[in-house]
>>> print(open('target.cif').read())   # mmCIF, C-alpha atoms
data_my_file
#
loop_
_atom_site.label_atom_id
_atom_site.label_comp_id
_atom_site.auth_asym_id
_atom_site.auth_seq_id
_atom_site.Cartn_x
_atom_site.Cartn_y
_atom_site.Cartn_z
CA LEU A 1 -5.52 3.43 -39.67
CA SER A 2 -4.76 2.65 -36.03
CA ALA A 3 -4.46 -1.06 -36.87
CA ILE A 4 -1.98 -0.23 -39.64
CA ALA A 5 0.02 1.92 -37.21
CA ASP A 6 0.14 -0.99 -34.78
CA GLU A 7 1.33 -3.33 -37.54
CA TYR A 8 4.12 -0.98 -38.56
CA GLU A 9 5.24 -0.65 -34.94
CA ALA A 10 5.21 -4.44 -34.54
CA ILE A 11 7.65 -4.87 -37.43
CA GLY A 12 9.86 -2.01 -36.25
CA ASP A 13 8.94 0.53 -38.92
CA TYR A 14 8.50 3.33 -36.41
CA SER A 15 8.48 6.24 -38.84
CA SER A 16 5.58 4.71 -40.77
CA ALA A 17 3.82 3.89 -37.52
CA GLU A 18 4.11 7.50 -36.39
CA GLU A 19 2.83 8.74 -39.76
CA TYR A 20 -0.27 6.56 -39.49
CA TRP A 21 -0.93 7.64 -35.90
CA MET A 22 -0.83 11.25 -37.06
CA ARG A 23 -3.20 10.49 -39.94
CA CYS A 24 -5.51 8.56 -37.65
CA CYS A 25 -5.80 11.44 -35.20
CA GLU A 26 -6.41 13.98 -37.97
CA VAL A 27 -9.15 11.87 -39.55
CA GLU A 28 -10.90 11.41 -36.20
CA ARG A 29 -10.52 15.07 -35.28
CA TYR A 30 -11.90 16.20 -38.62
CA GLY A 31 -14.95 14.04 -38.10
CA ARG A 32 -15.26 15.22 -34.46
CA ILE A 33 -15.98 11.68 -33.39
CA GLY A 34 -16.33 11.36 -29.61
CA ASP A 35 -13.59 8.73 -29.45
CA VAL A 36 -10.85 11.02 -30.80
CA TYR A 37 -9.26 11.04 -27.33
CA LYS A 38 -8.53 7.32 -27.68
CA TYR A 39 -6.47 7.76 -30.82
CA ILE A 40 -4.56 10.73 -29.44
CA ALA A 41 -3.85 8.75 -26.25
CA ASP A 42 -2.76 5.73 -28.29
CA LYS A 43 -0.42 8.00 -30.26
CA GLY A 44 0.94 9.10 -26.87
CA GLY A 45 1.43 5.46 -26.00
CA PHE A 46 3.47 4.95 -29.15
CA LEU A 47 5.68 7.93 -28.27
CA TYR A 48 5.99 6.68 -24.68
CA ARG A 49 7.17 3.26 -25.87
CA ARG A 50 9.76 5.00 -28.05
CA ASP A 51 11.07 6.85 -24.94
CA ARG A 52 9.96 10.17 -26.46
CA PHE A 53 8.49 11.26 -23.17
CA GLY A 54 8.24 15.00 -23.83
CA GLU A 55 6.17 14.39 -26.96
CA ALA A 56 4.15 11.75 -25.12
CA ILE A 57 3.25 14.31 -22.46
CA ASN A 58 1.97 16.68 -25.14
CA ALA A 59 -0.16 13.93 -26.70
CA TYR A 60 -1.54 12.77 -23.37
CA GLU A 61 -2.44 16.33 -22.35
CA GLU A 62 -4.19 16.83 -25.69
CA ALA A 63 -6.16 13.61 -25.09
CA LEU A 64 -7.20 14.80 -21.64
CA LYS A 65 -8.42 18.08 -23.11
CA GLU A 66 -10.57 16.13 -25.56
CA LEU A 67 -12.00 14.12 -22.68
CA ASP A 68 -12.65 17.23 -20.60
CA PHE A 69 -14.51 18.79 -23.52
CA LEU A 70 -16.91 15.88 -23.74
CA LYS A 71 -20.40 16.38 -22.40
CA ASP A 72 -21.29 14.62 -19.16
CA ARG A 73 -23.24 11.97 -21.01
CA TYR A 74 -20.08 10.85 -22.77
CA ILE A 75 -18.12 10.18 -19.59
CA GLY A 76 -18.90 6.51 -19.47
CA LEU A 77 -16.86 3.75 -17.89
CA ASP A 78 -14.69 3.18 -20.95
CA ALA A 79 -13.78 6.87 -21.13
CA LEU A 80 -13.09 6.89 -17.40
CA LYS A 81 -10.65 3.99 -17.68
CA TYR A 82 -8.92 5.75 -20.58
CA TYR A 83 -8.65 8.88 -18.42
CA ALA A 84 -6.98 6.86 -15.67
CA ARG A 85 -4.53 5.24 -18.09
CA ILE A 86 -3.64 8.58 -19.65
CA VAL A 87 -2.99 10.12 -16.23
CA HIS A 88 -0.79 7.19 -15.19
CA TYR A 89 1.46 7.26 -18.24
CA LEU A 90 1.52 11.05 -18.38
CA LEU A 91 2.82 11.20 -14.81
CA ASP A 92 5.33 8.44 -15.52
CA SER A 93 6.56 10.43 -18.54
CA TYR A 94 7.28 13.34 -16.21
CA PHE A 95 9.11 10.93 -13.91
CA GLN A 96 11.18 9.48 -16.77
CA LEU A 97 12.28 13.00 -17.69
CA ALA A 98 13.32 13.61 -14.06
CA LYS A 99 10.85 16.48 -13.83
CA ASP A 100 8.64 17.37 -10.90
CA VAL A 101 5.62 15.08 -11.19
CA PRO A 102 2.37 17.08 -10.94
CA SER A 103 0.41 14.19 -9.44
CA LYS A 104 -2.18 16.30 -7.64
CA LYS A 105 -3.13 18.28 -10.75
CA TYR A 106 -3.85 15.22 -12.86
CA HIS A 107 -5.33 13.09 -10.09
CA ASP A 108 -7.72 15.96 -9.35
CA GLY A 109 -8.68 15.87 -13.03
CA LEU A 110 -9.39 12.15 -12.72
CA LYS A 111 -11.60 12.83 -9.71
CA ARG A 112 -13.56 15.39 -11.73
CA ALA A 113 -14.01 12.83 -14.49
CA ILE A 114 -15.31 10.34 -11.92
CA GLY A 115 -17.68 13.05 -10.75
CA LYS A 116 -19.06 13.33 -14.30
CA PHE A 117 -19.57 9.58 -14.41
CA SER A 118 -21.18 9.56 -10.96
CA SER A 119 -23.51 12.45 -11.78
CA SER A 120 -25.46 10.38 -14.31
CA SER A 121 -29.11 9.92 -13.36
CA ARG A 122 -29.48 6.82 -15.52
CA ILE A 123 -28.31 4.37 -12.88
CA ASP A 124 -28.45 4.28 -9.09
CA ASN A 125 -25.44 4.84 -6.83
CA GLU A 126 -25.09 1.18 -5.94
CA THR A 127 -24.73 0.26 -9.61
CA LYS A 128 -22.32 3.14 -10.24
CA ALA A 129 -20.22 1.98 -7.29
CA TYR A 130 -20.19 -1.57 -8.66
CA PHE A 131 -18.84 -0.39 -12.02
CA LEU A 132 -16.28 1.93 -10.40
CA SER A 133 -15.02 -0.91 -8.22
CA LYS A 134 -14.84 -3.25 -11.21
CA ALA A 135 -12.93 -0.66 -13.24
CA ALA A 136 -10.57 -0.01 -10.33
CA TRP A 137 -9.79 -3.71 -10.02
CA GLU A 138 -9.18 -4.09 -13.76
CA LEU A 139 -6.79 -1.13 -13.79
CA PHE A 140 -4.97 -2.47 -10.74
CA PHE A 141 -4.88 -6.19 -11.47
CA ASP A 142 -4.44 -6.14 -15.24
CA GLU A 143 -2.43 -2.95 -15.71
CA ALA A 144 -0.78 -2.17 -12.33
CA LEU A 145 -2.20 1.37 -12.21
CA THR A 146 -2.29 1.36 -8.42
CA ASP A 147 -2.61 5.08 -7.62
CA GLU A 148 -5.36 5.62 -10.17
CA ALA A 149 -7.14 2.42 -9.10
CA LEU A 150 -7.15 3.68 -5.52
CA ILE A 151 -8.88 6.89 -6.61
CA LEU A 152 -11.60 4.85 -8.34
CA ILE A 153 -12.11 2.41 -5.46
CA ASP A 154 -12.31 5.31 -2.99
CA SER A 155 -15.07 6.83 -5.13
CA ALA A 156 -16.89 3.50 -5.25
CA ILE A 157 -16.81 3.20 -1.47
CA GLU A 158 -17.87 6.83 -1.05
CA ILE A 159 -20.99 6.68 -3.22
CA HIS A 160 -22.18 3.18 -2.31
CA PRO A 161 -24.99 3.35 0.27
CA ASN A 162 -23.62 0.20 1.94
CA PRO A 163 -20.16 -0.72 0.59
CA PRO A 164 -19.63 -4.48 0.24
CA GLY A 165 -16.76 -6.22 1.95
CA ASN A 166 -15.09 -6.93 -1.38
CA ASP A 167 -14.60 -3.20 -2.04
CA TYR A 168 -12.76 -2.85 1.26
CA ASN A 169 -10.79 -6.00 0.45
CA ARG A 170 -9.78 -4.59 -2.93
CA LYS A 171 -8.64 -1.31 -1.41
CA ALA A 172 -6.63 -3.22 1.21
CA ILE A 173 -4.85 -5.20 -1.51
CA MET A 174 -3.98 -1.99 -3.36
CA LEU A 175 -2.63 -0.40 -0.19
CA GLU A 176 -0.63 -3.54 0.50
CA ARG A 177 0.93 -3.23 -2.97
CA LYS A 178 2.12 0.24 -1.92
CA LEU A 179 3.57 -1.30 1.28
CA GLN A 180 1.06 0.63 3.42
CA PHE A 181 0.49 -2.36 5.63
CA GLU A 182 -1.05 -0.64 8.64
CA GLU A 183 -3.65 1.11 6.52
CA ALA A 184 -4.27 -2.07 4.52
CA LEU A 185 -5.03 -4.00 7.72
CA LYS A 186 -7.66 -1.42 8.65
CA TYR A 187 -9.45 -2.11 5.39
CA TYR A 188 -9.15 -5.87 5.78
CA ASP A 189 -10.85 -5.39 9.14
CA ARG A 190 -13.59 -3.38 7.45
CA ALA A 191 -14.04 -6.18 4.93
CA LEU A 192 -14.27 -8.71 7.74
CA SER A 193 -16.83 -6.55 9.53
CA LYS A 194 -19.10 -7.40 6.59
CA ASP A 195 -18.38 -11.12 6.82
CA ARG A 196 -16.04 -12.26 9.56
CA PHE A 197 -15.89 -15.81 8.20
CA ASP A 198 -14.94 -14.94 4.62
CA LYS A 199 -11.90 -17.09 3.85
CA THR A 200 -10.52 -14.73 1.22
CA PHE A 201 -10.59 -11.75 3.57
CA LEU A 202 -9.06 -13.81 6.40
CA ASN A 203 -6.29 -15.22 4.20
CA ASN A 204 -5.49 -11.81 2.73
CA LYS A 205 -5.25 -10.24 6.16
CA ALA A 206 -2.98 -13.04 7.35
CA GLU A 207 -0.70 -12.57 4.32
CA CYS A 208 -0.59 -8.83 4.95
CA ILE A 209 0.46 -9.35 8.58
CA LYS A 210 3.18 -11.75 7.39
CA GLU A 211 4.44 -9.25 4.81
CA GLU A 212 4.49 -6.47 7.38
CA LEU A 213 6.58 -8.60 9.74
CA ASP A 214 8.96 -9.59 6.94
CA ASP A 215 9.38 -6.02 5.69
#
>>> encode(input="target.cif", output="structure tokens")
Amino acid sequence: LSAIADEYEAIGDYSSAEEYWMRCCEVERYGRIGDVYKYIADKGGFLYRRDRFGEAINAYEEALKELDFLKDRYIGLDALKYYARIVHYLLDSYFQLAKDVPSKKYHDGLKRAIGKFSSSSRIDNETKAYFLSKAAWELFFDEALTDEALILIDSAIEIHPNPPGNDYNRKAIMLERKLQFEEALKYYDRALSKDRFDKTFLNNKAECIKEELDD
């Protein structure tokens, strides 16, 4: 059903697309499948793309409730990335409506979701940190979800027993994107403290200094 909804949207038949998103969510909810949050969030994405931001907020909040209801064992990496995406577009919907953006409320929710992921006893903290860092970079590099990516990379650095230089480098790049050059340079220095001859870290720091001077 979700594929049919996507096809209708692609050809501009938005009313049919919306009908199929509604049907898709009802079918998944009736079956109580653990992935129901994905379909509700994707319906929110459809509404967001149609500039129906108020309705998108309602859908995104419903998707977050579904995620929050999941047991700890269901908060895997895929669900965590969905949570971050939902938060990003939910907050942007508030912004588009010129409403006060409740960033802290929803970012705190994301942190709790990360806590559920991190509480798993199946894998060690170093492995958890690796996956959190990887997810953070995907959200930042592929989808430009900078604020949410920063929350994930901070968690990766916090739980890793000995954070690698690349995690510090990634955080520095994200901070640089937000034009927080002074803070970014601190993290480039932390990356270089792990390997002072790393060409990537050195080049990134040099570019950051240049950008700060040009700003």
>>> closest_residue(input="target.cif", among="A:Ile209, A:Glu19, A:Ala136, A:Lys194", to="Gln180 (chain A)", atoms="all atoms listed in the file")
A:Ile209
>>> resolve_selection(input="target.cif", expression="the PyMOL selection byres ((chain A and resi 20) around 8)", output="PyMOL selection string")
chain A and resi 1-2+4-5+16-19+21-24
>>> resolve_selection(input="target.cif", expression="the PyMOL selection byres ((chain A and resi 199-201) around 12)", output="VMD selection string")
chain A and resid 165 to 173 184 to 198 202 to 208
>>> residues_around(input="target.cif", residues="Pro102 (chain A)", least_positions_apart="5", cutoff="9 Å", atoms="all atoms listed in the file", output="ChimeraX atom specification")
/A:91,94,107
>>> residues_around(input="target.cif", residues="Leu90 (chain A)", least_positions_apart="4", cutoff="10 Å", atoms="only C-alpha atoms", output="count of residues only")
22
>>> closest_residue(input="target.cif", among="A:Ile159, A:Glu211, A:Lys104, A:Phe131", to="Ser119 (chain A)", atoms="only C-alpha atoms")
A:Ile159
>>> atom_distance(input="target.cif", atom1="CA of His160 (chain A)", atom2="CA of Ala144 (chain A)")
24.2 Å
>>> closest_residue(input="target.cif", among="A:Glu158, A:Glu55, A:Glu182, A:Asp35", to="Asn125 (chain A)", atoms="only C-alpha atoms")
A:Glu158
>>> closest_residue(input="target.cif", among="A:Ser93, A:Tyr83, A:Pro161, A:Tyr8", to="Asp124 (chain A)", atoms="only C-alpha atoms")
A:Pro161
>>> decode(input="target.cif", residues="region 105-146 of chain A", atoms="N, CA and C atoms", output="PDB file, in the first residue's frame")
ATOM      1  N   LYS A 105      11.926  19.822  24.044  1.00  0.00           N
ATOM      2  CA  LYS A 105      10.999  18.717  24.325  1.00  0.00           C
ATOM      3  C   LYS A 105      11.295  17.521  23.434  1.00  0.00           C
ATOM      4  N   TYR A 106      11.424  17.757  22.136  1.00  0.00           N
ATOM      5  CA  TYR A 106      11.579  16.643  21.207  1.00  0.00           C
ATOM      6  C   TYR A 106      13.014  16.130  21.155  1.00  0.00           C
ATOM      7  N   HIS A 107      13.976  17.006  21.359  1.00  0.00           N
ATOM      8  CA  HIS A 107      15.362  16.541  21.426  1.00  0.00           C
ATOM      9  C   HIS A 107      15.594  15.714  22.688  1.00  0.00           C
ATOM     10  N   ASP A 108      14.915  16.075  23.771  1.00  0.00           N
ATOM     11  CA  ASP A 108      14.994  15.242  24.982  1.00  0.00           C
ATOM     12  C   ASP A 108      14.390  13.861  24.716  1.00  0.00           C
ATOM     13  N   GLY A 109      13.323  13.819  23.938  1.00  0.00           N
ATOM     14  CA  GLY A 109      12.736  12.537  23.567  1.00  0.00           C
ATOM     15  C   GLY A 109      13.700  11.690  22.762  1.00  0.00           C
ATOM     16  N   LEU A 110      14.431  12.333  21.849  1.00  0.00           N
ATOM     17  CA  LEU A 110      15.445  11.619  21.064  1.00  0.00           C
ATOM     18  C   LEU A 110      16.537  11.064  21.970  1.00  0.00           C
ATOM     19  N   LYS A 111      16.933  11.844  22.965  1.00  0.00           N
ATOM     20  CA  LYS A 111      17.957  11.380  23.900  1.00  0.00           C
ATOM     21  C   LYS A 111      17.471  10.165  24.689  1.00  0.00           C
ATOM     22  N   ARG A 112      16.191  10.164  25.047  1.00  0.00           N
ATOM     23  CA  ARG A 112      15.642   8.997  25.751  1.00  0.00           C
ATOM     24  C   ARG A 112      15.638   7.769  24.845  1.00  0.00           C
ATOM     25  N   ALA A 113      15.335   7.988  23.568  1.00  0.00           N
ATOM     26  CA  ALA A 113      15.356   6.875  22.618  1.00  0.00           C
ATOM     27  C   ALA A 113      16.781   6.326  22.464  1.00  0.00           C
ATOM     28  N   ILE A 114      17.761   7.219  22.439  1.00  0.00           N
ATOM     29  CA  ILE A 114      19.156   6.782  22.378  1.00  0.00           C
ATOM     30  C   ILE A 114      19.503   5.983  23.626  1.00  0.00           C
ATOM     31  N   GLY A 115      18.958   6.429  24.762  1.00  0.00           N
ATOM     32  CA  GLY A 115      19.185   5.701  26.006  1.00  0.00           C
ATOM     33  C   GLY A 115      18.650   4.273  25.938  1.00  0.00           C
ATOM     34  N   LYS A 116      17.489   4.097  25.287  1.00  0.00           N
ATOM     35  CA  LYS A 116      16.940   2.754  25.117  1.00  0.00           C
ATOM     36  C   LYS A 116      17.865   1.903  24.243  1.00  0.00           C
ATOM     37  N   PHE A 117      18.367   2.514  23.181  1.00  0.00           N
ATOM     38  CA  PHE A 117      19.304   1.791  22.311  1.00  0.00           C
ATOM     39  C   PHE A 117      20.565   1.424  23.078  1.00  0.00           C
ATOM     40  N   SER A 118      21.078   2.389  23.842  1.00  0.00           N
ATOM     41  CA  SER A 118      22.345   2.191  24.552  1.00  0.00           C
ATOM     42  C   SER A 118      22.226   1.226  25.717  1.00  0.00           C
ATOM     43  N   SER A 119      20.994   1.009  26.219  1.00  0.00           N
ATOM     44  CA  SER A 119      20.820   0.150  27.383  1.00  0.00           C
ATOM     45  C   SER A 119      20.867  -1.339  27.037  1.00  0.00           C
ATOM     46  N   SER A 120      20.883  -1.653  25.755  1.00  0.00           N
ATOM     47  CA  SER A 120      20.925  -3.056  25.340  1.00  0.00           C
ATOM     48  C   SER A 120      22.177  -3.740  25.869  1.00  0.00           C
ATOM     49  N   SER A 121      22.011  -4.960  26.365  1.00  0.00           N
ATOM     50  CA  SER A 121      23.146  -5.733  26.877  1.00  0.00           C
ATOM     51  C   SER A 121      23.713  -6.669  25.826  1.00  0.00           C
ATOM     52  N   ARG A 122      23.168  -6.599  24.611  1.00  0.00           N
ATOM     53  CA  ARG A 122      23.595  -7.533  23.569  1.00  0.00           C
ATOM     54  C   ARG A 122      24.959  -7.183  22.985  1.00  0.00           C
ATOM     55  N   ILE A 123      25.286  -5.919  22.984  1.00  0.00           N
ATOM     56  CA  ILE A 123      26.561  -5.496  22.412  1.00  0.00           C
ATOM     57  C   ILE A 123      27.284  -4.575  23.385  1.00  0.00           C
ATOM     58  N   ASP A 124      28.608  -4.497  23.259  1.00  0.00           N
ATOM     59  CA  ASP A 124      29.394  -3.681  24.176  1.00  0.00           C
ATOM     60  C   ASP A 124      29.303  -2.210  23.788  1.00  0.00           C
ATOM     61  N   ASN A 125      29.758  -1.341  24.692  1.00  0.00           N
ATOM     62  CA  ASN A 125      29.638   0.103  24.476  1.00  0.00           C
ATOM     63  C   ASN A 125      30.438   0.591  23.275  1.00  0.00           C
ATOM     64  N   GLU A 126      31.564  -0.019  23.024  1.00  0.00           N
ATOM     65  CA  GLU A 126      32.365   0.405  21.871  1.00  0.00           C
ATOM     66  C   GLU A 126      31.611   0.161  20.567  1.00  0.00           C
ATOM     67  N   THR A 127      30.930  -0.973  20.479  1.00  0.00           N
ATOM     68  CA  THR A 127      30.156  -1.290  19.280  1.00  0.00           C
ATOM     69  C   THR A 127      28.936  -0.379  19.167  1.00  0.00           C
ATOM     70  N   LYS A 128      28.267  -0.138  20.299  1.00  0.00           N
ATOM     71  CA  LYS A 128      27.126   0.792  20.294  1.00  0.00           C
ATOM     72  C   LYS A 128      27.569   2.170  19.806  1.00  0.00           C
ATOM     73  N   ALA A 129      28.714   2.631  20.320  1.00  0.00           N
ATOM     74  CA  ALA A 129      29.221   3.947  19.927  1.00  0.00           C
ATOM     75  C   ALA A 129      29.527   3.990  18.435  1.00  0.00           C
ATOM     76  N   TYR A 130      30.072   2.894  17.917  1.00  0.00           N
ATOM     77  CA  TYR A 130      30.369   2.823  16.476  1.00  0.00           C
ATOM     78  C   TYR A 130      29.090   3.017  15.660  1.00  0.00           C
ATOM     79  N   PHE A 131      28.031   2.305  16.036  1.00  0.00           N
ATOM     80  CA  PHE A 131      26.777   2.400  15.288  1.00  0.00           C
ATOM     81  C   PHE A 131      26.117   3.768  15.452  1.00  0.00           C
ATOM     82  N   LEU A 132      26.213   4.347  16.644  1.00  0.00           N
ATOM     83  CA  LEU A 132      25.661   5.690  16.854  1.00  0.00           C
ATOM     84  C   LEU A 132      26.395   6.718  16.002  1.00  0.00           C
ATOM     85  N   SER A 133      27.702   6.604  15.953  1.00  0.00           N
ATOM     86  CA  SER A 133      28.501   7.522  15.142  1.00  0.00           C
ATOM     87  C   SER A 133      28.167   7.367  13.664  1.00  0.00           C
ATOM     88  N   LYS A 134      28.046   6.130  13.225  1.00  0.00           N
ATOM     89  CA  LYS A 134      27.701   5.855  11.818  1.00  0.00           C
ATOM     90  C   LYS A 134      26.331   6.427  11.478  1.00  0.00           C
ATOM     91  N   ALA A 135      25.360   6.220  12.373  1.00  0.00           N
ATOM     92  CA  ALA A 135      24.018   6.755  12.143  1.00  0.00           C
ATOM     93  C   ALA A 135      24.037   8.281  12.117  1.00  0.00           C
ATOM     94  N   ALA A 136      24.800   8.873  13.035  1.00  0.00           N
ATOM     95  CA  ALA A 136      24.906  10.335  13.080  1.00  0.00           C
ATOM     96  C   ALA A 136      25.450  10.876  11.765  1.00  0.00           C
ATOM     97  N   TRP A 137      26.473  10.214  11.254  1.00  0.00           N
ATOM     98  CA  TRP A 137      27.089  10.693  10.005  1.00  0.00           C
ATOM     99  C   TRP A 137      26.138  10.539   8.822  1.00  0.00           C
ATOM    100  N   GLU A 138      25.393   9.444   8.778  1.00  0.00           N
ATOM    101  CA  GLU A 138      24.419   9.248   7.703  1.00  0.00           C
ATOM    102  C   GLU A 138      23.347  10.334   7.743  1.00  0.00           C
ATOM    103  N   LEU A 139      22.834  10.619   8.933  1.00  0.00           N
ATOM    104  CA  LEU A 139      21.788  11.634   9.067  1.00  0.00           C
ATOM    105  C   LEU A 139      22.306  13.018   8.689  1.00  0.00           C
ATOM    106  N   PHE A 140      23.566  13.272   9.029  1.00  0.00           N
ATOM    107  CA  PHE A 140      24.159  14.580   8.722  1.00  0.00           C
ATOM    108  C   PHE A 140      24.527  14.689   7.247  1.00  0.00           C
ATOM    109  N   PHE A 141      25.282  13.715   6.758  1.00  0.00           N
ATOM    110  CA  PHE A 141      25.851  13.815   5.407  1.00  0.00           C
ATOM    111  C   PHE A 141      24.806  13.588   4.329  1.00  0.00           C
ATOM    112  N   ASP A 142      23.929  12.607   4.535  1.00  0.00           N
ATOM    113  CA  ASP A 142      22.960  12.262   3.501  1.00  0.00           C
ATOM    114  C   ASP A 142      21.675  13.075   3.590  1.00  0.00           C
ATOM    115  N   GLU A 143      21.316  13.519   4.808  1.00  0.00           N
ATOM    116  CA  GLU A 143      20.001  14.126   4.992  1.00  0.00           C
ATOM    117  C   GLU A 143      20.033  15.515   5.622  1.00  0.00           C
ATOM    118  N   ALA A 144      21.223  16.001   5.989  1.00  0.00           N
ATOM    119  CA  ALA A 144      21.388  17.354   6.542  1.00  0.00           C
ATOM    120  C   ALA A 144      20.602  17.570   7.832  1.00  0.00           C
ATOM    121  N   LEU A 145      20.495  16.535   8.656  1.00  0.00           N
ATOM    122  CA  LEU A 145      19.824  16.652   9.949  1.00  0.00           C
ATOM    123  C   LEU A 145      20.876  16.978  11.008  1.00  0.00           C
ATOM    124  N   THR A 146      21.408  18.186  10.957  1.00  0.00           N
ATOM    125  CA  THR A 146      22.585  18.520  11.755  1.00  0.00           C
ATOM    126  C   THR A 146      22.334  18.463  13.254  1.00  0.00           C
TER     127      THR A 146
END
